[in-house]
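A.B. asks: Mind having a look at this structure? Questions to follow.
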Amino acid sequence: MPGFSTSAIILRRVDFGDYDLILSLLTSNKGKISAIAKSAKKSTKRFSGILELFSVLQVVCSTGRRNSLPVLQEAELKTPFPAIRADIEKTAYASYWAELIDTWSEEGQKQNDLYRLLRYVLMQLDQDRMPPAVISSLFQLRFLLVSGYRPNLSHCSTCNRELDQIKKKAVHFDLARGGLICDRCGTGASGRPVLTKGTIKQLLWLEKVALSKAGRIRFSSQAVDESLVFLETFVPYHLGREPRSLKFLRQIREK
């Protein structure tokens, strides 16, 4: 029976019948795939509790008929990220990222950059290398790049005035246009997200910097708050729905 082996991160797991699990996996070379782990809830030997959300695994799957799910035959735990599952706020952030990927990605479409990004931010979150809110801003910005919804943060979407030419320190963002609206063009701007120019410049830097250097930036508390409000509004707007995990994340942050 033909099959394949790949590195994979568990995005979602769903009970199937009494003993099986359906797994949504983001893989390093096949994009997102769904696979069935038969008797995963019954057997204590085959997978021995390693099929946990956000874990990085080396999986071996067999494939059968065209319309049937691949069957998970073997799984070796590579990176468990235990600190994430031990912390409710970290779990909430990781769940949000995983749901974004699972919602947006099509089955079988290679997403190497997205796989590397998710693995990187999970590592940062697990090891406390950056504040969770900053890691989430980094993830969402890079997710928008991969998904083709990159926000225009460099100039006015109406008159093309560059950011440095906009006099006001706070700039509105038009969700429908996907870009900034300067003070001259911002009539009827009520209800739109607002970003100060300092926050915008930090987001532009975070968008372009190599991942290995992303931890060097230091966000002010104002920049962190503005970035989260903006990105957690813009991302669901272009996905066409608000992820359930985002509501949970907001509730956790408010406590």
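Residues in the structure tokens are numbered from 1 in each chain, the chains being A, B, ... in the order shown, and ligands are numbered from 1 in the order shown.
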Skipping near chain neighbours, those fewer than 2 positions away, what residues fall within 9 Å of range 210-222 of chain A using only C-alpha atoms, listed as JSON, numbers by chain?
C.D. replies: {"A": [117, 120, 124, 129, 130, 134, 135, 138, 199, 202, 205, 206, 207, 208, 224, 225, 226, 227]}
A.B. asks: Can you tell me which residues surround range 73-81 of chain A at a distance of at most 6 Å, considering only C-alpha atoms, apart from same-chain residues fewer than 6 positions away, and format the answer as a VMD selection string?
C.D. replies: chain A and resid 55 to 61 126
A.B. asks: Which of these, A:Phe139, A:Phe234, A:Tyr93, A:Phe173, has the shortest distance to Leu246 in chain A once you count only C-alpha atoms?
C.D. replies: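 Of A:Phe139, A:Phe234, A:Tyr93, A:Phe173, the one nearest Leu246 in chain A, counting only C-alpha atoms, is A:Tyr93.
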A.B. asks: Tell me, in Å to one decimal, how far CA of Lys168 in chain A is from CA of Lys201 in chain A.
C.D. replies: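 Spanning CA of Lys168 in chain A to CA of Lys201 in chain A is a straight-line distance of 14.2 Å.
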A.B. asks: Which residue is closest to Lys90 in chain A? Choose from A:Asp102, A:Pro132, A:Leu175, A:Arg116 and count only C-alpha atoms.
C.D. replies: A:Pro132
A.B. asks: Using only C-alpha atoms, which of the listed residues (A:Asp20, A:Leu11, A:Pro236, A:Ile33) sits closest to Ser95 in chain A?
C.D. replies: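 Of A:Asp20, A:Leu11, A:Pro236, A:Ile33, the one nearest Ser95 in chain A, counting only C-alpha atoms, is A:Leu11.
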A.B. asks: Please return as a list in words: the residues of range 96-247 of chain A that backbone DSSP assigns to strand (DSSP E).
C.D. replies: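 So, restricting range 96-247 of chain A to strand (DSSP E), we get Asn152, Leu153, Ser154, His155, Cys156, Ala170, Val171, His172, Phe173, Asp174, Gly179, Leu180, Ile181, Val194, Leu195 and Thr196 of chain A.
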A.B. asks: Considering only C-alpha atoms, state which residue in the set A:Glu99, A:Asp128, A:Arg192, A:Asn160 is at the smallest distance from Asp174 in chain A.
C.D. replies: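 Closest to Asp174 in chain A, using only C-alpha atoms: A:Arg192.
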A.B. asks: Here is a test: counting only C-alpha atoms, which residue of A:Arg66, A:Lys169, A:Arg184, A:Arg85 is nearest to Pro2 in chain A?
C.D. replies: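 Of the candidates, the smallest distance to Pro2 in chain A is held by A:Arg66.
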A.B. asks: Excluding His172 in chain A and residues on its chain fewer than 2 positions from it, collect all residues at most 10 Å away from it, counting only C-alpha atoms, and give them as an NGL selection string.
C.D. replies: :A and (156 or 170 or 174-175 or 179-183 or 185-186 or 189-196)
A.B. asks: Once you have the residues from the selection above, write them out as a compact mmCIF listing (two decimals), in the first residue's frame, restricted to N, CA and C atoms.
C.D. replies:
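Dumped everything to part.txt:
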```
# COMPACT_ATOMS: atom_id res chain seq x y z
N CYS A 156 -1.22 56.08 2.00
CA CYS A 156 -2.68 56.19 1.96
C CYS A 156 -3.24 55.42 0.78
N ALA A 170 -1.85 59.74 14.49
CA ALA A 170 -2.72 58.58 14.44
C ALA A 170 -3.37 58.48 13.07
N ASP A 174 -8.60 51.42 6.74
CA ASP A 174 -9.84 51.04 6.08
C ASP A 174 -9.82 49.54 5.80
N LEU A 175 -10.68 48.79 6.47
CA LEU A 175 -10.68 47.33 6.33
C LEU A 175 -11.03 46.89 4.91
N GLY A 179 -6.02 49.12 3.64
CA GLY A 179 -4.89 50.03 3.79
C GLY A 179 -5.19 51.25 4.62
N LEU A 180 -4.16 52.05 4.80
CA LEU A 180 -4.27 53.28 5.58
C LEU A 180 -5.12 54.31 4.84
N ILE A 181 -5.73 55.19 5.62
CA ILE A 181 -6.47 56.33 5.09
C ILE A 181 -5.95 57.58 5.80
N CYS A 182 -5.37 58.49 5.06
CA CYS A 182 -4.79 59.69 5.68
C CYS A 182 -5.89 60.64 6.15
N ASP A 183 -5.47 61.69 6.87
CA ASP A 183 -6.44 62.63 7.43
C ASP A 183 -7.20 63.39 6.34
N CYS A 185 -8.16 62.11 3.46
CA CYS A 185 -9.10 61.20 2.79
C CYS A 185 -9.99 60.45 3.77
N GLY A 186 -9.86 60.75 5.06
CA GLY A 186 -10.52 59.94 6.07
C GLY A 186 -11.89 60.40 6.50
N ALA A 189 -14.54 58.25 8.91
CA ALA A 189 -13.63 57.20 9.37
C ALA A 189 -14.03 56.58 10.69
N SER A 190 -15.16 56.98 11.22
CA SER A 190 -15.59 56.47 12.52
C SER A 190 -15.71 54.94 12.51
N GLY A 191 -15.20 54.32 13.57
CA GLY A 191 -15.31 52.87 13.68
C GLY A 191 -14.16 52.11 13.07
N ARG A 192 -13.28 52.79 12.34
CA ARG A 192 -12.14 52.11 11.74
C ARG A 192 -11.02 51.97 12.77
N PRO A 193 -10.20 50.89 12.66
CA PRO A 193 -9.06 50.77 13.56
C PRO A 193 -8.12 51.97 13.39
N VAL A 194 -7.48 52.37 14.50
CA VAL A 194 -6.55 53.49 14.49
C VAL A 194 -5.18 53.01 14.94
N LEU A 195 -4.15 53.43 14.20
CA LEU A 195 -2.77 53.08 14.53
C LEU A 195 -1.94 54.35 14.59
N THR A 196 -1.13 54.48 15.63
CA THR A 196 -0.18 55.59 15.65
C THR A 196 0.96 55.26 14.70
```
